[in-house]
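Engineer: One structure follows; several queries about it will come next.
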Amino acid sequence: MKQEANLLPKSAARSGRLLQGFKGVTVHETGNYRKTADAKSHATYMQGAGKNSQVSAHWYVDDERAVLMMPEEEVAWHAGDGTKNGGGNMCTVAIEMCCNWGYLPPEYAGMQADVKAAAQASEEEKAEAMRRFAATVDNAAQLGAEMLHRNGIKVADGFVWQHNHWSPYGKDCPH
């Protein structure tokens, strides 16, 4: 997996505030099913309009690359728990997995008007999307393992979190 940096400037998305300590990695999915919504396109969005909102992640990962948006020692606004001491925003590094399949899973039908429904996707398109997403999951797992190792953590149990662990809204993420 290719890794590259595209660091955000100080902004609403990147406050520059330091993590309170490293509690692990929080895993997310972008929920953007457009075929073009890969790690590079998310990084481009974050450099533009995205930097004006308090929503961010450290890394965007797809089937080919991982793009670093802010230093891992800084707070990203990803967990939905604000500035809670010991919470996801304040103590974990965020990895966003890109789910750029090119079609919507049946349970998301109608959510993105410009993305075709699963029923319209060919079996070849579905197989390719699943292959790419499996590679994305593998890349995110590799990146998370590297982060844990860099922080002296030898096991993932208790150090890898789903977004919905932190979210007070019970958000189904990663889906």
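How things are named: the first chain in the structure tokens is A, the next is B, and so on; residues count from 1 in each chain; ligands count from 1 in the order shown.
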Extract the full set of helix (DSSP H, G or I) residues from stretch 63-94 of chain A according to DSSP on the backbone, and format it as number ranges by chain.
Structural biologist: A: 88-91
Engineer: Give me the residues near A:Glu29 as a ChimeraX atom specification, where near means some atom within 7 Å (using only C-alpha atoms) and where sequence neighbours in that chain fewer than 6 positions away do not count.
Structural biologist: /A:96-99,173-175
Engineer: Select, from A:Val160, A:Val67, A:Lys171, A:Ala109, the residue with the minimum atom-to-atom distance to A:Lys23, counting only C-alpha atoms.
Structural biologist: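 Ranked by minimum distance to A:Lys23, first place goes to A:Val160.
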Engineer: Please compute the atom CA of A:Ala135-atom CA of A:Met69 distance, one decimal, in Å.
Structural biologist: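 Here the two named atoms are 20.6 Å from each other.
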Engineer: Go through A:Trp101, A:Trp59, A:Trp77, A:Phe22 one by one, measure the shortest atom-to-atom distance of each to A:Arg132 using only C-alpha atoms, and give the residue with the smallest value.
Structural biologist: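 Smallest separation from A:Arg132 among the options: A:Trp101.
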Engineer: Between A:Asp157, A:Glu124, A:Asp62, A:Leu143, which has the minimum distance to A:Thr36 (counting only C-alpha atoms)?
Structural biologist: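 The shortest atom-to-atom distance to A:Thr36 comes from A:Asp62.
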Engineer: Find the residues near A:Ala5: any atom within 9 Å, counting only C-alpha atoms, skip ones fewer than 2 places away on the same chain, and give them as a ChimeraX atom specification.
Structural biologist: /A:3,7,66-70
Engineer: Please write the residues from the selection above to a file, keeping C-alpha atoms, as a PDB file, in the first residue's frame.
Structural biologist:
```pdb
ATOM      1  CA  GLN A   3       1.290   5.997   1.826  1.00  0.00           C
ATOM      2  CA  LEU A   7      -1.689  17.590   5.539  1.00  0.00           C
ATOM      3  CA  ALA A  66      -3.454   5.625   2.527  1.00  0.00           C
ATOM      4  CA  VAL A  67      -3.484   9.433   2.677  1.00  0.00           C
ATOM      5  CA  LEU A  68      -2.443  11.144   5.926  1.00  0.00           C
ATOM      6  CA  MET A  69      -4.446  14.329   6.566  1.00  0.00           C
ATOM      7  CA  MET A  70      -3.004  15.363   9.944  1.00  0.00           C
TER       8      MET A  70
END
```
Engineer: Which of these, A:Ile153, A:Ala140, A:Ala12, A:Leu104, has the shortest distance to A:Lys35 once you count only C-alpha atoms?
Structural biologist: A:Leu104
Engineer: Restricting the calculation to only C-alpha atoms: of A:Gly110, A:Pro71, A:Gly144, A:Gly87, which residue gets closest to A:Ser15?
Structural biologist: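 With only C-alpha atoms as the atom set, the closest residue is A:Pro71.
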Engineer: Show which residues sit within 10 Å of A:Asn139, as a PDB file with all heavy atoms, in the first residue's frame. Count only C-alpha atoms, and ignore same-chain residues fewer than 6 positions away.
Structural biologist:
```
ATOM      1  N   MET A   1       0.845  -1.176   0.000  1.00  0.00           N
ATOM      2  CA  MET A   1       0.000   0.000   0.000  1.00  0.00           C
ATOM      3  C   MET A   1       0.891   1.239   0.000  1.00  0.00           C
ATOM      4  O   MET A   1       1.815   1.369   0.794  1.00  0.00           O
ATOM      5  CB  MET A   1      -0.897  -0.044   1.236  1.00  0.00           C
ATOM      6  CG  MET A   1      -1.437   1.279   1.682  1.00  0.00           C
ATOM      7  SD  MET A   1      -2.366   1.244   3.231  1.00  0.00           S
ATOM      8  CE  MET A   1      -1.218   0.543   4.383  1.00  0.00           C
ATOM      9  N   LYS A   2       0.585   2.134  -0.887  1.00  0.00           N
ATOM     10  CA  LYS A   2       1.307   3.396  -0.971  1.00  0.00           C
ATOM     11  C   LYS A   2       0.783   4.329   0.132  1.00  0.00           C
ATOM     12  O   LYS A   2      -0.429   4.416   0.352  1.00  0.00           O
ATOM     13  CB  LYS A   2       1.059   4.014  -2.349  1.00  0.00           C
ATOM     14  CG  LYS A   2       1.734   5.332  -2.568  1.00  0.00           C
ATOM     15  CD  LYS A   2       1.430   5.856  -3.963  1.00  0.00           C
ATOM     16  CE  LYS A   2       2.026   7.243  -4.123  1.00  0.00           C
ATOM     17  NZ  LYS A   2       1.656   7.845  -5.390  1.00  0.00           N
ATOM     18  N   VAL A  61      -8.172   5.678   3.610  1.00  0.00           N
ATOM     19  CA  VAL A  61      -7.561   4.480   3.057  1.00  0.00           C
ATOM     20  C   VAL A  61      -8.475   3.886   1.987  1.00  0.00           C
ATOM     21  O   VAL A  61      -9.690   3.781   2.185  1.00  0.00           O
ATOM     22  CB  VAL A  61      -7.314   3.428   4.171  1.00  0.00           C
ATOM     23  CG1 VAL A  61      -6.714   2.156   3.606  1.00  0.00           C
ATOM     24  CG2 VAL A  61      -6.433   4.007   5.262  1.00  0.00           C
ATOM     25  N   ASP A  62      -7.883   3.494   0.861  1.00  0.00           N
ATOM     26  CA  ASP A  62      -8.622   2.760  -0.159  1.00  0.00           C
ATOM     27  C   ASP A  62      -7.837   1.499  -0.515  1.00  0.00           C
ATOM     28  O   ASP A  62      -6.942   1.091   0.234  1.00  0.00           O
ATOM     29  CB  ASP A  62      -8.948   3.640  -1.383  1.00  0.00           C
ATOM     30  CG  ASP A  62      -7.728   4.139  -2.135  1.00  0.00           C
ATOM     31  OD1 ASP A  62      -6.653   3.490  -2.111  1.00  0.00           O
ATOM     32  OD2 ASP A  62      -7.833   5.199  -2.788  1.00  0.00           O
ATOM     33  N   ASP A  63      -8.149   0.896  -1.639  1.00  0.00           N
ATOM     34  CA  ASP A  63      -7.522  -0.366  -2.019  1.00  0.00           C
ATOM     35  C   ASP A  63      -6.076  -0.214  -2.497  1.00  0.00           C
ATOM     36  O   ASP A  63      -5.363  -1.214  -2.614  1.00  0.00           O
ATOM     37  CB  ASP A  63      -8.348  -1.090  -3.085  1.00  0.00           C
ATOM     38  CG  ASP A  63      -8.560  -0.266  -4.345  1.00  0.00           C
ATOM     39  OD1 ASP A  63      -8.827   0.951  -4.230  1.00  0.00           O
ATOM     40  OD2 ASP A  63      -8.470  -0.837  -5.444  1.00  0.00           O
ATOM     41  N   GLU A  64      -5.642   1.014  -2.750  1.00  0.00           N
ATOM     42  CA  GLU A  64      -4.290   1.232  -3.262  1.00  0.00           C
ATOM     43  C   GLU A  64      -3.404   2.081  -2.362  1.00  0.00           C
ATOM     44  O   GLU A  64      -2.194   1.974  -2.406  1.00  0.00           O
ATOM     45  CB  GLU A  64      -4.353   1.905  -4.638  1.00  0.00           C
ATOM     46  CG  GLU A  64      -5.028   1.052  -5.687  1.00  0.00           C
ATOM     47  CD  GLU A  64      -5.116   1.762  -7.024  1.00  0.00           C
ATOM     48  OE1 GLU A  64      -4.762   2.956  -7.114  1.00  0.00           O
ATOM     49  OE2 GLU A  64      -5.554   1.107  -7.988  1.00  0.00           O
ATOM     50  N   ARG A  65      -4.015   2.977  -1.572  1.00  0.00           N
ATOM     51  CA  ARG A  65      -3.190   3.942  -0.844  1.00  0.00           C
ATOM     52  C   ARG A  65      -3.839   4.357   0.473  1.00  0.00           C
ATOM     53  O   ARG A  65      -5.025   4.160   0.681  1.00  0.00           O
ATOM     54  CB  ARG A  65      -2.927   5.175  -1.697  1.00  0.00           C
ATOM     55  CG  ARG A  65      -4.098   6.114  -1.841  1.00  0.00           C
ATOM     56  CD  ARG A  65      -3.844   7.296  -2.734  1.00  0.00           C
ATOM     57  NE  ARG A  65      -3.152   6.999  -3.961  1.00  0.00           N
ATOM     58  CZ  ARG A  65      -3.717   6.591  -5.094  1.00  0.00           C
ATOM     59  NH1 ARG A  65      -5.016   6.443  -5.148  1.00  0.00           N
ATOM     60  NH2 ARG A  65      -3.003   6.351  -6.161  1.00  0.00           N
ATOM     61  N   ALA A  66      -3.010   4.978   1.294  1.00  0.00           N
ATOM     62  CA  ALA A  66      -3.454   5.625   2.527  1.00  0.00           C
ATOM     63  C   ALA A  66      -2.951   7.065   2.474  1.00  0.00           C
ATOM     64  O   ALA A  66      -1.777   7.300   2.182  1.00  0.00           O
ATOM     65  CB  ALA A  66      -2.896   4.902   3.744  1.00  0.00           C
ATOM     66  N   MET A  97     -12.122   4.227   6.055  1.00  0.00           N
ATOM     67  CA  MET A  97     -12.047   3.316   4.909  1.00  0.00           C
ATOM     68  C   MET A  97     -12.989   3.820   3.826  1.00  0.00           C
ATOM     69  O   MET A  97     -14.163   4.080   4.083  1.00  0.00           O
ATOM     70  CB  MET A  97     -12.457   1.903   5.327  1.00  0.00           C
ATOM     71  CG  MET A  97     -11.530   1.266   6.326  1.00  0.00           C
ATOM     72  SD  MET A  97     -11.956  -0.462   6.680  1.00  0.00           S
ATOM     73  CE  MET A  97     -13.598  -0.313   7.365  1.00  0.00           C
ATOM     74  N   PHE A 133     -12.938  -3.466  -1.921  1.00  0.00           N
ATOM     75  CA  PHE A 133     -13.232  -3.162  -0.516  1.00  0.00           C
ATOM     76  C   PHE A 133     -12.467  -4.102   0.414  1.00  0.00           C
ATOM     77  O   PHE A 133     -11.977  -3.677   1.463  1.00  0.00           O
ATOM     78  CB  PHE A 133     -14.730  -3.196  -0.232  1.00  0.00           C
ATOM     79  CG  PHE A 133     -15.055  -2.650   1.133  1.00  0.00           C
ATOM     80  CD1 PHE A 133     -14.808  -1.323   1.436  1.00  0.00           C
ATOM     81  CD2 PHE A 133     -15.575  -3.459   2.114  1.00  0.00           C
ATOM     82  CE1 PHE A 133     -15.077  -0.802   2.701  1.00  0.00           C
ATOM     83  CE2 PHE A 133     -15.859  -2.956   3.369  1.00  0.00           C
ATOM     84  CZ  PHE A 133     -15.614  -1.625   3.668  1.00  0.00           C
ATOM     85  N   ALA A 145      -2.312  -1.735  12.494  1.00  0.00           N
ATOM     86  CA  ALA A 145      -1.298  -2.559  13.163  1.00  0.00           C
ATOM     87  C   ALA A 145       0.031  -1.817  13.254  1.00  0.00           C
ATOM     88  O   ALA A 145       0.719  -1.871  14.289  1.00  0.00           O
ATOM     89  CB  ALA A 145      -1.127  -3.884  12.415  1.00  0.00           C
TER      90      ALA A 145
END
```
Engineer: Write out as an MDAnalysis selection string each polymer residue whose atoms come within 12 Å of A:His165, counting only C-alpha atoms; drop sequence neighbours fewer than 6 positions from it.
Structural biologist: chainID A and resid 25:28 78:81 87:89 92 158:159 171:174
Engineer: Give the answer as one residue: which of A:Leu19, A:Leu148, A:Leu8, A:Ala76 has the shortest atom-to-atom distance to A:Gln47, using only C-alpha atoms?
Structural biologist: A:Leu8
Engineer: What is the atom CA of A:Ala129-atom CA of A:Ala113 distance in Å, reported with one decimal?
Structural biologist: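 Rounded to one decimal, the two atoms are 18.7 Å apart.
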Engineer: Could you pull out the strand (DSSP E) residues of stretch 10-168 of chain A, going by DSSP on the backbone, and write them as a compact mmCIF listing (two decimals) with N, CA, C and O atoms, in the first residue's frame?
Structural biologist:
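Now in part.txt:
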```
# COMPACT_ATOMS: atom_id res chain seq x y z
N GLY A 24 -5.53 4.12 21.08
CA GLY A 24 -5.71 3.17 20.00
C GLY A 24 -6.18 3.81 18.71
O GLY A 24 -5.96 5.00 18.47
N VAL A 25 -6.86 3.01 17.90
CA VAL A 25 -7.30 3.39 16.57
C VAL A 25 -8.82 3.27 16.49
O VAL A 25 -9.38 2.28 16.97
N THR A 26 -9.46 4.26 15.90
CA THR A 26 -10.90 4.17 15.64
C THR A 26 -11.10 4.02 14.13
O THR A 26 -10.58 4.81 13.35
N VAL A 27 -11.87 3.00 13.75
CA VAL A 27 -12.10 2.67 12.35
C VAL A 27 -13.47 3.17 11.92
O VAL A 27 -14.46 3.00 12.63
N HIS A 28 -13.50 3.79 10.74
CA HIS A 28 -14.72 4.35 10.15
C HIS A 28 -14.86 3.89 8.71
O HIS A 28 -13.91 3.40 8.11
N GLU A 29 -16.05 4.12 8.15
CA GLU A 29 -16.28 4.02 6.70
C GLU A 29 -16.79 5.37 6.25
O GLU A 29 -17.56 6.02 6.94
N TRP A 59 -6.38 9.54 8.65
CA TRP A 59 -6.07 8.78 7.44
C TRP A 59 -7.32 8.47 6.64
O TRP A 59 -8.36 8.13 7.21
N TYR A 60 -7.21 8.52 5.32
CA TYR A 60 -8.21 7.98 4.38
C TYR A 60 -7.51 6.84 3.65
O TYR A 60 -6.41 7.01 3.14
N VAL A 61 -8.17 5.68 3.61
CA VAL A 61 -7.56 4.48 3.06
C VAL A 61 -8.47 3.89 1.99
O VAL A 61 -9.69 3.78 2.19
N ARG A 65 -4.01 2.98 -1.57
CA ARG A 65 -3.19 3.94 -0.84
C ARG A 65 -3.84 4.36 0.47
O ARG A 65 -5.02 4.16 0.68
N ALA A 66 -3.01 4.98 1.29
CA ALA A 66 -3.45 5.62 2.53
C ALA A 66 -2.95 7.06 2.47
O ALA A 66 -1.78 7.30 2.18
N VAL A 67 -3.84 8.02 2.72
CA VAL A 67 -3.48 9.43 2.68
C VAL A 67 -3.60 10.00 4.09
O VAL A 67 -4.68 9.97 4.70
N LEU A 68 -2.50 10.52 4.61
CA LEU A 68 -2.44 11.14 5.93
C LEU A 68 -2.89 12.59 5.81
O LEU A 68 -2.33 13.36 5.03
N THR A 92 -7.74 8.74 20.23
CA THR A 92 -7.52 7.72 19.20
C THR A 92 -7.21 8.36 17.86
O THR A 92 -7.55 9.51 17.60
N VAL A 93 -6.56 7.58 17.01
CA VAL A 93 -6.25 7.99 15.65
C VAL A 93 -7.33 7.41 14.74
O VAL A 93 -7.69 6.24 14.86
N ALA A 94 -7.86 8.24 13.84
CA ALA A 94 -8.98 7.85 12.98
C ALA A 94 -8.51 7.35 11.62
O ALA A 94 -7.74 8.02 10.93
N ILE A 95 -9.02 6.19 11.22
CA ILE A 95 -8.83 5.65 9.88
C ILE A 95 -10.20 5.58 9.21
O ILE A 95 -11.10 4.91 9.71
N GLU A 96 -10.34 6.28 8.10
CA GLU A 96 -11.57 6.23 7.29
C GLU A 96 -11.34 5.30 6.11
O GLU A 96 -10.47 5.54 5.28
N MET A 97 -12.12 4.23 6.05
CA MET A 97 -12.05 3.32 4.91
C MET A 97 -12.99 3.82 3.83
O MET A 97 -14.16 4.08 4.08
N TYR A 103 -21.86 1.54 -6.57
CA TYR A 103 -23.30 1.26 -6.44
C TYR A 103 -23.64 1.24 -4.95
O TYR A 103 -22.76 1.10 -4.10
N LEU A 104 -24.91 1.40 -4.64
CA LEU A 104 -25.35 1.41 -3.25
C LEU A 104 -25.75 0.02 -2.79
O LEU A 104 -26.48 -0.68 -3.48
N LYS A 116 -25.88 4.41 -8.56
CA LYS A 116 -26.88 3.41 -8.93
C LYS A 116 -27.13 2.43 -7.80
O LYS A 116 -26.24 2.17 -6.97
N ALA A 117 -28.31 1.86 -7.80
CA ALA A 117 -28.68 0.86 -6.80
C ALA A 117 -28.00 -0.46 -7.10
O ALA A 117 -27.61 -0.73 -8.25
N VAL A 160 -8.42 -1.24 19.28
CA VAL A 160 -9.05 -0.95 17.99
C VAL A 160 -10.54 -0.81 18.24
O VAL A 160 -11.18 -1.71 18.80
N TRP A 161 -11.08 0.34 17.83
CA TRP A 161 -12.47 0.67 18.14
C TRP A 161 -13.25 0.94 16.86
O TRP A 161 -12.71 1.48 15.91
N GLN A 162 -14.52 0.59 16.90
CA GLN A 162 -15.43 1.02 15.85
C GLN A 162 -15.93 2.40 16.22
O GLN A 162 -16.09 2.72 17.41
```
Engineer: Taking 4 positions as the minimum chain separation for residues in the same chain, which residues sit within 10 Å of A:Gly50 when counting only C-alpha atoms? Answer as a PDB file with all heavy atoms, in the first residue's frame.
Structural biologist:
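File produced: part-v8.pdb:
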```pdb
ATOM      1  N   LEU A   8      -3.640  18.817   6.168  1.00  0.00           N
ATOM      2  CA  LEU A   8      -4.545  19.962   6.219  1.00  0.00           C
ATOM      3  C   LEU A   8      -3.855  21.150   6.871  1.00  0.00           C
ATOM      4  O   LEU A   8      -3.049  20.966   7.792  1.00  0.00           O
ATOM      5  CB  LEU A   8      -5.778  19.634   7.074  1.00  0.00           C
ATOM      6  CG  LEU A   8      -6.795  18.663   6.515  1.00  0.00           C
ATOM      7  CD1 LEU A   8      -7.797  18.276   7.600  1.00  0.00           C
ATOM      8  CD2 LEU A   8      -7.509  19.302   5.342  1.00  0.00           C
ATOM      9  N   SER A  11      -7.261  24.664  10.767  1.00  0.00           N
ATOM     10  CA  SER A  11      -8.610  25.011  10.316  1.00  0.00           C
ATOM     11  C   SER A  11      -9.617  24.446  11.310  1.00  0.00           C
ATOM     12  O   SER A  11      -9.230  23.877  12.331  1.00  0.00           O
ATOM     13  CB  SER A  11      -8.855  24.421   8.926  1.00  0.00           C
ATOM     14  OG  SER A  11      -8.738  23.006   8.970  1.00  0.00           O
ATOM     15  N   ALA A  12     -10.894  24.536  10.990  1.00  0.00           N
ATOM     16  CA  ALA A  12     -11.928  23.923  11.832  1.00  0.00           C
ATOM     17  C   ALA A  12     -11.720  22.410  11.909  1.00  0.00           C
ATOM     18  O   ALA A  12     -11.922  21.796  12.954  1.00  0.00           O
ATOM     19  CB  ALA A  12     -13.316  24.239  11.285  1.00  0.00           C
ATOM     20  N   ALA A  13     -11.284  21.806  10.810  1.00  0.00           N
ATOM     21  CA  ALA A  13     -11.064  20.365  10.768  1.00  0.00           C
ATOM     22  C   ALA A  13      -9.769  19.957  11.475  1.00  0.00           C
ATOM     23  O   ALA A  13      -9.660  18.840  11.966  1.00  0.00           O
ATOM     24  CB  ALA A  13     -11.047  19.879   9.324  1.00  0.00           C
ATOM     25  N   HIS A  42     -11.128  12.088  -1.279  1.00  0.00           N
ATOM     26  CA  HIS A  42     -11.495  12.565   0.053  1.00  0.00           C
ATOM     27  C   HIS A  42     -10.466  13.569   0.566  1.00  0.00           C
ATOM     28  O   HIS A  42     -10.825  14.575   1.192  1.00  0.00           O
ATOM     29  CB  HIS A  42     -11.666  11.393   1.021  1.00  0.00           C
ATOM     30  CG  HIS A  42     -12.988  10.722   0.878  1.00  0.00           C
ATOM     31  ND1 HIS A  42     -14.142  11.234   1.407  1.00  0.00           N
ATOM     32  CD2 HIS A  42     -13.346   9.594   0.234  1.00  0.00           C
ATOM     33  CE1 HIS A  42     -15.155  10.450   1.108  1.00  0.00           C
ATOM     34  NE2 HIS A  42     -14.695   9.446   0.386  1.00  0.00           N
ATOM     35  N   ALA A  43      -9.200  13.320   0.296  1.00  0.00           N
ATOM     36  CA  ALA A  43      -8.155  14.267   0.700  1.00  0.00           C
ATOM     37  C   ALA A  43      -8.337  15.602  -0.018  1.00  0.00           C
ATOM     38  O   ALA A  43      -8.201  16.668   0.593  1.00  0.00           O
ATOM     39  CB  ALA A  43      -6.779  13.683   0.403  1.00  0.00           C
ATOM     40  N   THR A  44      -8.663  15.553  -1.296  1.00  0.00           N
ATOM     41  CA  THR A  44      -8.894  16.784  -2.058  1.00  0.00           C
ATOM     42  C   THR A  44     -10.078  17.560  -1.483  1.00  0.00           C
ATOM     43  O   THR A  44     -10.005  18.773  -1.315  1.00  0.00           O
ATOM     44  CB  THR A  44      -9.141  16.456  -3.553  1.00  0.00           C
ATOM     45  OG1 THR A  44      -7.961  15.818  -4.060  1.00  0.00           O
ATOM     46  CG2 THR A  44      -9.441  17.698  -4.362  1.00  0.00           C
ATOM     47  N   TYR A  45     -11.156  16.851  -1.164  1.00  0.00           N
ATOM     48  CA  TYR A  45     -12.320  17.505  -0.551  1.00  0.00           C
ATOM     49  C   TYR A  45     -11.925  18.159   0.780  1.00  0.00           C
ATOM     50  O   TYR A  45     -12.293  19.302   1.057  1.00  0.00           O
ATOM     51  CB  TYR A  45     -13.462  16.503  -0.332  1.00  0.00           C
ATOM     52  CG  TYR A  45     -14.547  17.091   0.527  1.00  0.00           C
ATOM     53  CD1 TYR A  45     -15.459  18.005  -0.002  1.00  0.00           C
ATOM     54  CD2 TYR A  45     -14.647  16.778   1.876  1.00  0.00           C
ATOM     55  CE1 TYR A  45     -16.436  18.582   0.793  1.00  0.00           C
ATOM     56  CE2 TYR A  45     -15.614  17.342   2.675  1.00  0.00           C
ATOM     57  CZ  TYR A  45     -16.509  18.239   2.130  1.00  0.00           C
ATOM     58  OH  TYR A  45     -17.470  18.817   2.930  1.00  0.00           O
ATOM     59  N   MET A  46     -11.174  17.422   1.608  1.00  0.00           N
ATOM     60  CA  MET A  46     -10.789  17.965   2.917  1.00  0.00           C
ATOM     61  C   MET A  46      -9.908  19.201   2.776  1.00  0.00           C
ATOM     62  O   MET A  46      -9.988  20.110   3.594  1.00  0.00           O
ATOM     63  CB  MET A  46     -10.089  16.897   3.758  1.00  0.00           C
ATOM     64  CG  MET A  46     -11.001  15.804   4.272  1.00  0.00           C
ATOM     65  SD  MET A  46     -12.419  16.396   5.244  1.00  0.00           S
ATOM     66  CE  MET A  46     -11.602  17.217   6.614  1.00  0.00           C
ATOM     67  N   GLN A  54     -15.986  20.873  11.470  1.00  0.00           N
ATOM     68  CA  GLN A  54     -15.322  20.126  12.535  1.00  0.00           C
ATOM     69  C   GLN A  54     -15.562  18.637  12.333  1.00  0.00           C
ATOM     70  O   GLN A  54     -16.110  17.945  13.176  1.00  0.00           O
ATOM     71  CB  GLN A  54     -15.823  20.570  13.907  1.00  0.00           C
ATOM     72  CG  GLN A  54     -15.000  21.672  14.503  1.00  0.00           C
ATOM     73  CD  GLN A  54     -15.306  21.859  15.969  1.00  0.00           C
ATOM     74  OE1 GLN A  54     -16.442  21.804  16.396  1.00  0.00           O
ATOM     75  NE2 GLN A  54     -14.274  22.100  16.751  1.00  0.00           N
ATOM     76  N   VAL A  55     -15.134  18.145  11.196  1.00  0.00           N
ATOM     77  CA  VAL A  55     -15.182  16.730  10.859  1.00  0.00           C
ATOM     78  C   VAL A  55     -13.851  16.416  10.201  1.00  0.00           C
ATOM     79  O   VAL A  55     -13.450  17.108   9.270  1.00  0.00           O
ATOM     80  CB  VAL A  55     -16.344  16.412   9.884  1.00  0.00           C
ATOM     81  CG1 VAL A  55     -16.317  14.957   9.483  1.00  0.00           C
ATOM     82  CG2 VAL A  55     -17.686  16.784  10.495  1.00  0.00           C
ATOM     83  N   SER A  56     -13.162  15.394  10.702  1.00  0.00           N
ATOM     84  CA  SER A  56     -11.866  15.072  10.123  1.00  0.00           C
ATOM     85  C   SER A  56     -11.445  13.658  10.512  1.00  0.00           C
ATOM     86  O   SER A  56     -12.062  13.017  11.351  1.00  0.00           O
ATOM     87  CB  SER A  56     -10.809  16.089  10.576  1.00  0.00           C
ATOM     88  OG  SER A  56     -10.790  16.230  11.983  1.00  0.00           O
TER      89      SER A  56
END
```
Engineer: Mind pulling up the distance from atom CA of A:Gly86 to atom CA of A:Gly152?
Structural biologist: 18.8 Å
